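To be precise, the following lines are protein-v1.txt, and they hold compact mmCIF, C-alpha atoms.
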# COMPACT_ATOMS: atom_id res chain seq x y z
CA MET A 6 -8.38 16.67 39.35
CA LYS A 7 -4.59 17.31 39.33
CA ASN A 8 -2.51 17.65 36.20
CA ASP A 9 -0.65 14.37 36.72
CA GLN A 10 -3.96 12.53 37.09
CA ILE A 11 -5.29 14.02 33.86
CA LEU A 12 -2.00 13.23 32.09
CA SER A 13 -2.13 9.65 33.37
CA GLN A 14 -5.54 9.24 31.72
CA ILE A 15 -4.43 10.80 28.45
CA THR A 16 -1.13 8.88 28.29
CA GLU A 17 -2.85 5.56 28.92
CA PHE A 18 -5.52 6.33 26.31
CA CYS A 19 -2.96 7.38 23.68
CA ARG A 20 -0.84 4.28 24.33
CA HIS A 21 -3.78 1.91 23.92
CA SER A 22 -5.14 3.83 20.93
CA ASP A 23 -1.72 4.19 19.28
CA MET A 24 -2.43 7.92 18.99
CA ALA A 25 0.09 10.75 19.19
CA GLU A 26 -0.51 13.16 22.05
CA THR A 27 -0.55 16.08 19.63
CA THR A 28 -3.30 14.35 17.66
CA PHE A 29 -5.26 13.83 20.88
CA GLY A 30 -5.05 17.55 21.69
CA ARG A 31 -6.17 18.60 18.20
CA ARG A 32 -9.13 16.22 18.21
CA VAL A 33 -10.33 17.19 21.69
CA VAL A 34 -9.86 20.97 21.79
CA ASN A 35 -8.14 21.77 18.47
CA ASP A 36 -4.87 22.37 20.35
CA GLY A 37 -1.92 20.12 19.52
CA LYS A 38 0.04 21.47 22.50
CA LEU A 39 -2.61 20.61 25.10
CA VAL A 40 -0.65 17.72 26.64
CA HIS A 41 2.61 19.65 26.51
CA ARG A 42 1.04 22.54 28.45
CA LEU A 43 -0.35 20.15 31.04
CA ARG A 44 3.14 18.73 31.59
CA GLU A 45 4.41 22.25 32.15
CA GLY A 46 1.90 22.60 34.96
CA LYS A 47 -0.57 24.83 33.11
CA ARG A 48 -4.17 24.71 34.33
CA ILE A 49 -7.22 23.89 32.22
CA THR A 50 -10.84 24.92 32.54
CA ILE A 51 -13.66 22.66 33.75
CA ASP A 52 -15.06 22.72 30.20
CA THR A 53 -11.75 21.41 28.77
CA LEU A 54 -11.65 18.66 31.40
CA ASP A 55 -15.20 17.64 30.49
CA ARG A 56 -14.28 17.53 26.79
CA ILE A 57 -11.23 15.33 27.56
CA ASN A 58 -13.34 12.93 29.60
CA ALA A 59 -16.12 12.88 27.02
CA TYR A 60 -13.71 12.16 24.14
CA ILE A 61 -12.01 9.30 25.99
CA ALA A 62 -15.38 7.90 27.05
CA ALA A 63 -16.78 8.08 23.53
CA SER A 64 -13.69 6.41 22.09
CA THR A 65 -13.57 3.59 24.63
CA GLY A 66 -17.27 3.06 25.16
CA ALA A 67 -16.99 3.93 28.84
CA LEU A 68 -18.79 6.60 30.81
CA PRO A 69 -16.74 9.66 31.77
CA PRO A 70 -15.61 9.71 35.42
CA PRO A 71 -17.41 12.10 37.78
CA ARG A 72 -15.78 15.51 37.91
CA GLY A 73 -13.13 15.72 40.62
CA LEU A 74 -12.83 11.95 41.09
CA ASP A 75 -9.22 10.84 41.48
CA VAL A 76 -7.81 8.63 38.77
CA PRO A 77 -6.90 5.26 40.33
CA PRO A 78 -3.22 4.31 40.30
CA GLU A 79 -2.02 2.76 37.07
CA LYS A 80 -2.32 -1.00 37.07
CA ARG A 81 0.38 -2.92 35.30
CA ASP A 82 0.92 -6.57 34.69
CA PRO A 83 4.18 -7.22 36.58
CA ARG A 84 5.36 -9.47 33.75
CA GLY A 85 5.26 -6.45 31.46
CA ASN A 86 7.31 -4.20 33.72
CA PHE A 87 10.43 -3.86 31.63
CA ARG A 88 12.79 -2.38 34.18
CA PHE A 89 12.54 -5.24 36.62
CA PHE A 90 11.06 -8.22 34.82
CA GLU A 91 13.20 -7.87 31.73
CA ASN A 92 14.58 -10.92 30.01
CA ARG A 93 18.05 -11.52 31.44
CA GLN A 94 19.40 -13.02 28.21
CA LYS A 95 18.22 -9.96 26.31
CA TYR A 96 19.91 -7.69 28.83
CA LEU A 97 23.21 -9.57 28.91
CA LEU A 98 23.39 -9.82 25.11
CA PHE A 99 22.89 -6.05 24.85
CA VAL A 100 25.51 -5.27 27.52
CA HIS A 101 28.16 -7.46 25.90
CA THR A 102 27.59 -6.40 22.29
CA CYS A 103 27.12 -2.63 22.75
CA SER A 104 29.45 0.00 24.20
CA GLU A 105 26.81 1.93 26.15
CA LYS A 106 28.15 1.14 29.65
CA ARG A 107 31.67 2.27 28.75
CA VAL A 108 30.52 5.42 26.96
CA ILE A 109 28.17 6.40 29.81
CA ALA A 110 30.98 5.92 32.33
CA GLU A 111 33.20 8.21 30.23
CA ARG A 112 30.43 10.83 30.12
CA VAL A 113 29.94 10.64 33.90
CA ALA A 114 33.69 10.90 34.48
CA LEU A 115 33.70 14.30 32.75
CA GLU A 116 31.75 15.64 35.74
CA LEU A 117 34.53 14.76 38.18
CA SER A 118 36.51 17.86 37.24
CA SER A 119 33.60 20.02 38.43
CA LEU A 120 33.33 18.43 41.88
CA HIS A 121 34.54 20.12 45.06
CA PRO A 122 34.46 17.38 47.72
CA ARG A 123 34.42 18.19 51.42
CA PRO A 124 35.78 16.15 54.32
CA PRO A 125 35.47 13.44 55.37
CA ALA A 126 34.73 11.79 51.99
CA LEU A 127 33.79 12.16 48.34
CA ARG A 128 30.18 10.98 48.27
CA VAL A 129 28.60 9.33 45.19
CA PHE A 130 25.12 7.87 44.70
CA ASP A 131 24.20 5.60 41.78
CA ALA A 132 20.42 5.67 41.22
CA GLY A 133 20.11 2.26 39.62
CA VAL A 134 23.34 0.31 39.82
CA GLY A 135 22.33 -2.41 37.37
CA ASP A 136 25.17 -4.88 36.98
CA GLY A 137 27.66 -2.38 38.43
CA THR A 138 29.64 -1.88 35.21
CA VAL A 139 29.13 1.89 34.99
CA LEU A 140 29.77 2.43 38.70
CA ALA A 141 32.96 0.34 38.69
CA ARG A 142 34.31 2.29 35.72
CA VAL A 143 33.44 5.61 37.37
CA MET A 144 35.18 4.49 40.57
CA ARG A 145 38.33 3.77 38.55
CA SER A 146 38.19 7.31 37.18
CA MET A 147 37.59 8.66 40.68
CA HIS A 148 40.66 6.85 41.97
CA GLY A 149 42.75 8.36 39.17
CA ARG A 150 41.60 11.88 40.07
CA PHE A 151 41.29 11.58 43.85
CA PRO A 152 43.74 8.75 44.75
CA HIS A 153 44.04 9.60 48.46
CA MET A 154 40.50 10.73 49.27
CA PRO A 155 38.07 8.45 51.15
CA PHE A 156 35.02 7.41 49.08
CA TYR A 157 31.44 6.84 50.19
CA ILE A 158 29.70 4.96 47.37
CA ALA A 159 25.98 4.25 47.67
CA GLY A 160 23.78 2.53 45.12
CA LYS A 161 20.13 1.57 44.72
CA GLU A 162 19.15 -1.70 43.08
CA LEU A 163 16.05 -3.85 43.50
CA SER A 164 17.17 -6.80 41.38
CA LEU A 165 18.92 -9.58 43.30
CA GLU A 166 20.75 -10.72 40.15
CA ASP A 167 22.18 -7.25 39.58
CA VAL A 168 23.24 -6.88 43.21
CA ARG A 169 25.24 -10.08 42.86
CA LEU A 170 26.88 -8.85 39.66
CA THR A 171 27.72 -5.52 41.32
CA LEU A 172 29.26 -7.21 44.36
CA ASP A 173 31.47 -9.24 41.99
CA LYS A 174 33.18 -5.95 41.06
CA VAL A 175 33.68 -4.67 44.62
CA PRO A 176 36.83 -6.69 45.58
CA ASP A 177 39.02 -5.08 42.91
CA ARG A 178 37.73 -1.60 43.78
CA LEU A 179 38.47 -2.07 47.51
CA PHE A 180 41.93 -3.45 46.68
CA GLU A 181 42.87 -0.45 44.54
CA HIS A 182 41.17 2.16 46.75
CA PRO A 183 41.14 0.82 50.34
CA ALA A 184 39.51 3.90 51.89
CA THR A 185 36.09 3.09 50.43
CA VAL A 186 32.69 2.38 51.96
CA VAL A 187 30.22 0.68 49.57
CA VAL A 188 26.51 0.72 50.45
CA LEU A 189 23.82 -1.09 48.47
CA THR A 190 20.12 -0.71 49.20
CA ASN A 191 16.81 -1.79 47.72
CA MET A 192 14.83 1.27 48.85
CA HIS A 193 12.83 3.70 46.69
CA TYR A 194 14.41 6.70 44.98
CA ALA A 195 12.96 9.07 47.59
CA GLU A 196 14.40 6.93 50.42
CA ALA A 197 17.65 5.41 49.21
CA PRO A 198 19.95 8.48 49.36
CA TRP A 199 19.07 8.94 53.04
CA LEU A 200 18.82 5.20 53.82
CA THR A 201 15.56 6.05 55.59
CA PRO A 202 12.24 4.40 54.66
CA ALA A 203 9.29 6.79 54.50
CA SER A 204 6.94 4.34 56.19
CA PRO A 205 7.34 3.97 59.98
CA THR A 206 6.47 0.28 59.62
CA ALA A 207 9.18 -0.24 56.99
CA ALA A 208 11.66 1.77 59.06
CA ALA A 209 11.00 -0.43 62.09
CA GLY A 210 11.72 -3.54 60.03
CA MET A 211 14.77 -2.19 58.21
CA LEU A 212 17.76 -4.53 58.10
CA TRP A 213 21.28 -3.17 58.44
CA HIS A 214 24.04 -5.60 57.49
CA GLU A 215 27.62 -4.42 57.98
CA VAL A 216 30.47 -6.44 56.48
CA ALA A 217 34.07 -5.61 57.44
CA LEU A 218 36.25 -7.53 54.99
CA ARG A 219 39.37 -9.12 56.44
CA GLY A 220 42.68 -9.47 54.63
CA ALA A 221 44.35 -7.29 52.02
CA SER A 222 43.85 -9.03 48.67
CA SER A 223 40.99 -9.00 46.19
CA GLY A 224 40.89 -12.80 46.37
CA GLU A 225 40.24 -12.72 50.11
CA PHE A 226 37.58 -10.05 49.67
CA GLU A 227 35.89 -12.04 46.91
CA THR A 228 35.64 -15.13 49.10
CA GLN A 229 33.95 -13.22 51.92
CA ILE A 230 31.56 -11.41 49.58
CA ALA A 231 30.56 -14.74 48.04
CA GLU A 232 29.50 -15.82 51.52
CA LEU A 233 26.77 -13.15 51.39
CA GLY A 234 24.77 -15.35 48.99
CA PRO A 235 22.40 -16.86 51.60
CA PHE A 236 21.83 -13.46 53.21
CA LEU A 237 20.88 -11.91 49.88
CA GLU A 238 18.63 -14.84 48.95
CA GLN A 239 16.73 -14.48 52.20
CA ASN A 240 16.46 -10.71 52.47
CA TRP A 241 16.85 -9.08 49.03
CA ARG A 242 13.32 -9.88 47.95
CA ALA A 243 10.79 -7.92 45.96
CA GLY A 244 7.02 -8.10 45.86
CA ILE A 245 4.35 -6.45 43.78
CA SER A 246 2.50 -3.33 44.90
CA PRO A 247 -1.26 -4.04 44.98
CA LYS A 248 -1.87 -0.38 44.07
CA SER A 249 0.46 0.13 41.13
CA GLY A 250 1.54 -3.37 40.08
CA MET A 251 5.14 -2.17 40.31
CA PRO A 252 7.90 -4.15 42.06
CA ILE A 253 8.66 -3.02 45.61
CA TYR A 254 10.94 -4.32 48.35
CA GLU A 255 9.49 -6.71 50.89
CA ARG A 256 11.86 -5.37 53.53
CA PRO A 257 14.26 -2.40 53.30
CA VAL A 258 17.90 -3.46 53.46
CA ALA A 259 21.17 -1.56 53.70
CA LEU A 260 24.28 -3.62 52.98
CA VAL A 261 27.47 -1.84 54.10
CA VAL A 262 30.85 -3.16 52.93
CA TYR A 263 34.33 -1.87 53.74
CA ARG A 264 37.81 -3.07 54.69
CA GLU A 265 38.42 -4.04 58.31
CA ASP A 266 41.95 -2.60 58.22
CA HIS A 267 40.47 0.83 57.36
CA ARG A 268 37.64 0.82 59.90
CA PHE A 269 39.30 3.47 62.08
CA LEU A 270 39.82 5.86 59.16
CA LEU A 271 36.31 5.30 57.82
CA ASP A 272 34.44 5.39 61.14
CA SER A 273 32.80 8.78 60.51
CA ILE A 274 31.82 7.73 56.98
CA ILE A 275 30.23 4.35 57.70
CA PRO A 276 26.44 4.84 57.85
CA ARG A 277 24.55 3.38 60.79
CA ALA A 278 20.92 3.37 61.87
CA GLY A 279 20.10 6.82 63.20
CA ARG A 280 23.26 8.30 61.70
CA THR A 281 22.79 8.74 57.98
CA GLU A 282 22.87 11.60 55.50
CA ALA A 283 22.59 12.22 51.78
CA ASN A 284 24.63 15.31 50.78
CA PHE A 285 26.14 13.74 47.68
CA ASP A 286 28.86 15.31 45.53
CA LEU A 287 27.74 13.27 42.52
CA VAL A 288 24.47 11.51 41.71
CA ILE A 289 24.40 9.20 38.68
CA ALA A 290 20.92 8.75 37.18
CA SER A 291 21.60 6.59 34.13
CA GLN A 292 18.42 5.20 32.53
CA PRO A 293 16.52 5.28 35.86
CA TYR A 294 13.04 5.34 34.31
CA ARG A 295 11.09 3.54 31.61
CA ALA A 296 11.25 5.17 28.18
CA LYS A 297 7.46 5.48 28.02
CA SER A 298 6.95 6.78 31.56
CA SER A 299 5.34 10.22 31.84
CA VAL A 300 7.42 13.32 32.40
CA ASN A 301 5.53 13.93 35.65
CA PHE A 302 6.41 10.48 36.97
CA ARG A 303 10.07 10.97 36.12
CA ALA A 304 10.18 14.40 37.74
CA LYS A 305 8.18 13.68 40.88
CA ARG A 306 9.21 10.13 41.75
CA ILE A 307 12.82 10.01 40.59
CA ILE A 308 14.75 13.13 39.57
CA ALA A 309 13.34 15.68 42.05
CA PRO A 310 14.10 13.46 45.09
CA LEU A 311 17.60 12.80 43.77
CA ALA A 312 18.20 16.53 43.26
CA ARG A 313 17.24 17.11 46.89
CA ALA A 314 20.05 14.71 47.88
CA LEU A 315 22.80 16.95 46.48
CA ARG A 316 25.13 18.83 48.80
CA ALA A 317 26.34 22.35 48.03
CA GLY A 318 28.42 22.12 44.85
CA GLY A 319 27.02 18.66 44.09
CA ARG A 320 26.04 17.53 40.61
CA LEU A 321 23.39 15.13 39.30
CA ILE A 322 23.97 13.77 35.82
CA GLY A 323 20.94 12.22 34.16
CA ILE A 324 21.12 10.07 31.04
CA HIS A 325 18.38 8.52 28.93
CA SER A 326 17.84 7.31 25.38
CA HIS A 327 17.40 9.99 22.74
CA GLY A 328 16.32 8.11 19.62
CA HIS A 329 16.79 9.62 16.12
CA ASP A 330 19.26 6.83 15.34
CA PRO A 331 19.53 3.63 13.29
CA GLY A 332 18.27 1.64 16.27
CA LEU A 333 14.95 3.48 16.21
CA GLU A 334 14.91 3.11 12.43
CA ILE A 335 14.84 -0.68 12.91
CA ILE A 336 11.95 -0.39 15.34
CA GLN A 337 9.93 1.90 13.09
CA SER A 338 10.43 -0.38 10.11
CA VAL A 339 8.54 -3.06 12.06
CA TRP A 340 6.17 -0.84 14.07
CA PRO A 341 5.63 2.33 11.99
CA GLY A 342 5.23 5.47 14.09
CA GLU A 343 6.67 3.86 17.23
CA ASN A 344 8.64 6.41 19.25
CA PRO A 345 9.22 5.61 22.93
CA PHE A 346 11.57 8.57 23.38
CA ALA A 347 8.98 11.34 23.43
CA VAL A 348 10.22 13.19 26.55
CA SER A 349 13.26 15.39 25.94
CA ARG A 350 15.75 16.55 28.55
CA HIS A 351 14.38 20.10 28.19
CA GLU A 352 10.84 19.01 29.02
CA LEU A 353 12.03 16.88 31.92
CA LEU A 354 14.10 19.67 33.48
CA ARG A 355 11.15 22.06 33.28
CA ALA A 356 9.00 19.49 35.08
CA VAL A 357 11.64 18.92 37.78
CA LYS A 358 12.01 22.64 38.34
CA TYR A 359 8.22 22.96 38.68
CA GLU A 360 8.06 19.98 41.05
CA LEU A 361 10.81 21.33 43.34
CA GLY A 362 9.33 24.83 43.51
CA SER A 363 11.10 26.98 46.10
CA ALA A 364 13.34 24.03 47.08
CA GLY A 365 15.01 24.35 43.69
CA ARG A 366 16.06 27.98 43.97
CA ASP A 367 19.70 27.13 44.60
CA LEU A 368 19.84 24.59 41.77
CA ASN A 369 21.02 25.08 38.21
CA PHE A 370 19.24 23.08 35.49
CA ASN A 371 21.66 22.47 32.61
CA ALA A 372 20.27 20.97 29.42
CA TYR A 373 23.31 22.07 27.40
CA ALA A 374 23.57 22.25 23.63
CA ASP A 375 23.10 19.06 21.60
CA ASN A 376 26.80 18.75 20.78
CA ARG A 377 27.57 18.41 24.51
CA SER A 378 24.44 16.64 25.69
CA ILE A 379 23.92 13.98 23.01
CA PHE A 380 26.46 11.19 22.65
CA ARG A 381 26.67 8.01 20.63
CA TYR A 382 27.43 4.39 21.41
CA ASP A 383 27.76 1.49 18.97
CA MET A 384 27.10 -2.17 18.55
CA GLU A 385 30.62 -3.58 18.50
CA ALA A 386 30.64 -5.89 15.50
CA LEU A 387 33.62 -6.82 13.36
CA PRO A 388 33.84 -4.79 10.11
CA ASN A 389 33.33 -7.84 7.90
CA GLU A 390 30.16 -8.75 9.83
CA VAL A 391 28.29 -5.72 8.52
CA THR A 392 29.90 -5.12 5.13
CA GLY A 393 29.41 -8.55 3.57
CA SER A 394 26.66 -11.08 4.02
CA ILE A 395 25.18 -10.29 7.43
CA GLY A 396 24.85 -13.53 9.37
CA THR A 397 21.90 -14.45 11.56
CA SER A 398 23.85 -14.03 14.82
CA THR A 399 24.88 -10.47 13.93
CA ALA A 400 21.39 -9.57 12.75
CA PHE A 401 19.87 -11.06 15.88
CA ALA A 402 22.29 -9.15 18.15
CA ALA A 403 21.36 -5.91 16.36
CA TRP A 404 17.63 -6.67 16.60
CA ASN A 405 18.01 -7.51 20.29
CA ALA A 406 19.84 -4.24 20.93
CA ALA A 407 17.18 -2.21 19.12
CA VAL A 408 14.23 -3.75 20.99
CA TYR A 409 16.11 -3.55 24.31
CA VAL A 410 16.81 0.16 23.94
CA ALA A 411 13.26 0.87 22.76
CA GLN A 412 11.94 -1.26 25.66
CA ILE A 413 9.53 -3.23 23.50
CA GLU A 414 7.44 -5.46 25.74
CA ASP A 415 7.88 -9.23 25.47
CA ASP A 416 4.25 -9.82 24.52
CA ARG A 417 4.68 -7.57 21.48
CA LEU A 418 7.92 -9.32 20.54
CA THR A 419 6.21 -12.69 20.71
CA GLU A 420 3.98 -11.67 17.82
CA MET A 421 7.10 -11.16 15.68
CA THR A 422 9.00 -14.30 16.72
CA GLU A 423 8.30 -16.25 13.55
CA ASN A 424 8.30 -13.28 11.23
CA SER A 425 11.45 -13.05 9.11
CA ARG A 426 10.64 -9.40 8.42
CA THR A 427 12.34 -8.39 11.68
CA LEU A 428 15.80 -9.70 10.74
CA ASP A 429 15.38 -8.57 7.13
CA ALA A 430 14.60 -5.03 8.31
CA THR A 431 17.58 -5.19 10.68
CA ARG A 432 19.94 -6.25 7.88
CA GLU A 433 18.69 -3.42 5.67
CA VAL A 434 19.48 -0.82 8.35
CA LEU A 435 22.91 -2.35 9.04
CA ARG A 436 23.80 -2.19 5.35
CA LYS A 437 22.43 1.32 4.96
CA HIS A 438 24.48 2.72 7.86
CA ASN A 439 27.38 0.27 7.70
CA GLY A 440 26.75 -0.61 11.34
CA LEU A 441 24.42 0.14 14.22
CA TRP A 442 24.52 2.89 16.79
CA PHE A 443 22.31 4.66 19.28
CA TYR A 444 22.10 8.11 20.85
CA ASP A 445 21.71 8.95 24.54
CA GLU A 446 21.20 12.46 25.88
CA SER A 447 22.48 13.82 29.17
CA TYR A 448 21.62 16.74 31.45
CA VAL A 449 23.02 18.06 34.72
CA ILE A 450 21.37 19.51 37.81
CA SER A 451 23.87 21.21 40.10
CA ARG A 452 23.53 22.83 43.49
CA ARG A 453 25.27 26.15 43.94
CA ARG A 454 28.29 26.24 46.18
CA ASP A 455 28.06 28.05 49.50
What would the structure in this file look like if it were written as structure tokens?
Amino acid sequence: MKNDQILSQITEFCRHSDMAETTFGRRVVNDGKLVHRLREGKRITIDTLDRINAYIAASTGALPPPRGLDVPPEKRDPRGNFRFFENRQKYLLFVHTCSEKRVIAERVALELSSLHPRPPALRVFDAGVGDGTVLARVMRSMHGRFPHMPFYIAGKELSLEDVRLTLDKVPDRLFEHPATVVVLTNMHYAEAPWLTPASPTAAAGMLWHEVALRGASSGEFETQIAELGPFLEQNWRAGISPKSGMPIYERPVALVVYREDHRFLLDSIIPRAGRTEANFDLVIASQPYRAKSSVNFRAKRIIAPLARALRAGGRLIGIHSHGHDPGLEIIQSVWPGENPFAVSRHELLRAVKYELGSAGRDLNFNAYADNRSIFRYDMEALPNEVTGSIGTSTAFAAWNAAVYVAQIEDDRLTEMTENSRTLDATREVLRKHNGLWFYDESYVISRRRD
């Protein structure tokens, strides 16, 4: 049985049992670092594996699995998959009351000074575009630093709603920086940078849709992009994997948008079937995984493939929630001991390095010191809203932000709907800290220059 299979069992057991992984290790083999060592790729003996299986079986009333039997893929109720089936109102309220998008864009923009683009274009990949706010802000910073350089901007996004929101921001970007090719795709992390599905069947059914926008004003571009609505409705669809219960595309799509009057200049940059590449100067991986996902899943399925997509001198900046902030204090006042931010950037980078093996020899893994890595963003409330009597709307916005960041599932929130303790606890934290803020942490993986 492989380490990630064993870890999948342990993680699932600890989540259902509300048990810390260190506690699990101490109870099974009197070693609180058992799970940590497994994540680092350390091997265990057959006796230790038997003791793990026996403990889980005894605690759950199930028989231990036969030695060497593969753990079946994790089954998830699609309605509980936070990243895709999240409540849109919850998401939009968070985005418009907290400064995270702006602060993340500023953090990403700091990496631009370390880039060394090569002809014919500066190439950027956003691994989870969301509503396009971060990417649009980064593109503004790119224009300020590289005003005359052609841009190739690619982004992955499975959500139809978010693709629409992202496309709303494209007209202004193409007006300010005409020499830009924008590509949106719904493919997996290991496929999207290359615009190449892994499955031959999916590759055969892949849909390329190229849109050359006519005119020279953002208004004209907006009108033509709005006409993509029926195309997106018909083709940007997601289903549910019967193996994992996770959302997957029904058909791989690559939507390519650029200005018709710059087609000649951009001809070598525009991707086409049979003529694609990754080789990115910058990869943005902002919150690309669930907070409670295992370090092995993050490394193997997301960050390692994205690191492979870097060109010489390219940089991947990863960002995820850090915790240790008033937001988590609100959560723990309602659910004591809750900590969804158990995987640090240090642990993740070690796992990525292990996953890449020899393919990572020319990569640098930069966790940085806390004062550079960890940054803060705030809930943007008026001063009098948190210093005097805290109204219900302010308390609710703060509660919403806390549960959104901590990715508390809707079924758990339902239990608290009629409990005034949630808003009372939120008000207490707001008064204590005179506001609400959160911490994210960042890390960088860079490929050495030739």
Given the choices A:Asp177, A:Glu446, A:Asp131, A:Glu343, which gets closest to Val408 (chain A) if the distance is worked out from all atoms listed in the file?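 Answer, going by the shortest atom-to-atom distance: A:Glu343.
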Have a look at CA of Ala184 (chain A) and CA of Pro198 (chain A) and let me know their distance in Å, one decimal. 20.2 Å
Please write as a PDB file with C-alpha atoms, in the coordinates of the input the list of polymer residues whose atoms come within 7 Å of (24.8, 15.7, 45.8), counting only C-alpha atoms and keeping to the coordinates of the file.
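So point35.pdb came out as:
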ATOM      1  CA  ASN A 284      24.630  15.310  50.780  1.00  0.00           C
ATOM      2  CA  PHE A 285      26.140  13.740  47.680  1.00  0.00           C
ATOM      3  CA  ASP A 286      28.860  15.310  45.530  1.00  0.00           C
ATOM      4  CA  LEU A 287      27.740  13.270  42.520  1.00  0.00           C
ATOM      5  CA  VAL A 288      24.470  11.510  41.710  1.00  0.00           C
ATOM      6  CA  ALA A 314      20.050  14.710  47.880  1.00  0.00           C
ATOM      7  CA  LEU A 315      22.800  16.950  46.480  1.00  0.00           C
ATOM      8  CA  ARG A 316      25.130  18.830  48.800  1.00  0.00           C
ATOM      9  CA  GLY A 319      27.020  18.660  44.090  1.00  0.00           C
ATOM     10  CA  ARG A 320      26.040  17.530  40.610  1.00  0.00           C
ATOM     11  CA  LEU A 321      23.390  15.130  39.300  1.00  0.00           C
TER      12      LEU A 321
END
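Interatomic distance, CA of Leu98 (chain A) to CA of Ile336 (chain A): 17.8 Å.
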Taking (15.8, 19.0, 31.8) in the coordinates of the supplied file, I want to know which residues reach to within 12 Å of it, counting all atoms listed in the file; could you give the answer as a PyMOL selection string? chain A and resi 45+300+303-304+308-309+312+321-325+348-359+369-374+378+446-451
Fix up region 368-373 of chain A with all heavy atoms, then write it as an mmCIF file, keeping the file's coordinate frame.
data_model
loop_
_atom_site.group_PDB
_atom_site.id
_atom_site.type_symbol
_atom_site.label_atom_id
_atom_site.label_comp_id
_atom_site.auth_asym_id
_atom_site.auth_seq_id
_atom_site.Cartn_x
_atom_site.Cartn_y
_atom_site.Cartn_z
ATOM 1 N N LEU A 368 19.406 25.594 42.741
ATOM 2 C CA LEU A 368 19.840 24.590 41.770
ATOM 3 C C LEU A 368 19.946 25.197 40.377
ATOM 4 O O LEU A 368 19.167 26.083 40.016
ATOM 5 C CB LEU A 368 18.854 23.419 41.725
ATOM 6 C CG LEU A 368 18.727 22.556 42.978
ATOM 7 C CD1 LEU A 368 17.589 21.558 42.825
ATOM 8 C CD2 LEU A 368 20.032 21.823 43.280
ATOM 9 N N ASN A 369 20.901 24.722 39.618
ATOM 10 C CA ASN A 369 21.020 25.080 38.210
ATOM 11 C C ASN A 369 20.592 23.887 37.366
ATOM 12 O O ASN A 369 21.004 22.748 37.620
ATOM 13 C CB ASN A 369 22.475 25.441 37.868
ATOM 14 C CG ASN A 369 22.950 26.674 38.599
ATOM 15 O OD1 ASN A 369 22.261 27.684 38.631
ATOM 16 N ND2 ASN A 369 24.122 26.594 39.219
ATOM 17 N N PHE A 370 19.760 24.144 36.348
ATOM 18 C CA PHE A 370 19.240 23.080 35.490
ATOM 19 C C PHE A 370 19.889 23.237 34.114
ATOM 20 O O PHE A 370 19.573 24.155 33.368
ATOM 21 C CB PHE A 370 17.715 23.186 35.400
ATOM 22 C CG PHE A 370 17.037 23.026 36.738
ATOM 23 C CD1 PHE A 370 16.861 24.114 37.578
ATOM 24 C CD2 PHE A 370 16.601 21.787 37.167
ATOM 25 C CE1 PHE A 370 16.250 23.978 38.818
ATOM 26 C CE2 PHE A 370 15.974 21.634 38.398
ATOM 27 C CZ PHE A 370 15.803 22.735 39.227
ATOM 28 N N ASN A 371 20.816 22.329 33.794
ATOM 29 C CA ASN A 371 21.660 22.470 32.610
ATOM 30 C C ASN A 371 21.307 21.430 31.550
ATOM 31 O O ASN A 371 21.672 20.253 31.673
ATOM 32 C CB ASN A 371 23.129 22.314 33.010
ATOM 33 C CG ASN A 371 23.513 23.223 34.173
ATOM 34 O OD1 ASN A 371 23.482 24.441 34.057
ATOM 35 N ND2 ASN A 371 23.848 22.619 35.303
ATOM 36 N N ALA A 372 20.587 21.870 30.530
ATOM 37 C CA ALA A 372 20.270 20.970 29.420
ATOM 38 C C ALA A 372 21.413 20.910 28.415
ATOM 39 O O ALA A 372 21.574 19.906 27.714
ATOM 40 C CB ALA A 372 18.985 21.422 28.724
ATOM 41 N N TYR A 373 22.184 21.971 28.316
ATOM 42 C CA TYR A 373 23.310 22.070 27.400
ATOM 43 C C TYR A 373 22.885 21.989 25.935
ATOM 44 O O TYR A 373 21.759 21.609 25.605
ATOM 45 C CB TYR A 373 24.374 20.987 27.672
ATOM 46 C CG TYR A 373 24.983 21.041 29.046
ATOM 47 C CD1 TYR A 373 24.944 19.930 29.895
ATOM 48 C CD2 TYR A 373 25.602 22.200 29.513
ATOM 49 C CE1 TYR A 373 25.503 19.972 31.157
ATOM 50 C CE2 TYR A 373 26.169 22.243 30.785
ATOM 51 C CZ TYR A 373 26.110 21.140 31.596
ATOM 52 O OH TYR A 373 26.653 21.183 32.837
#
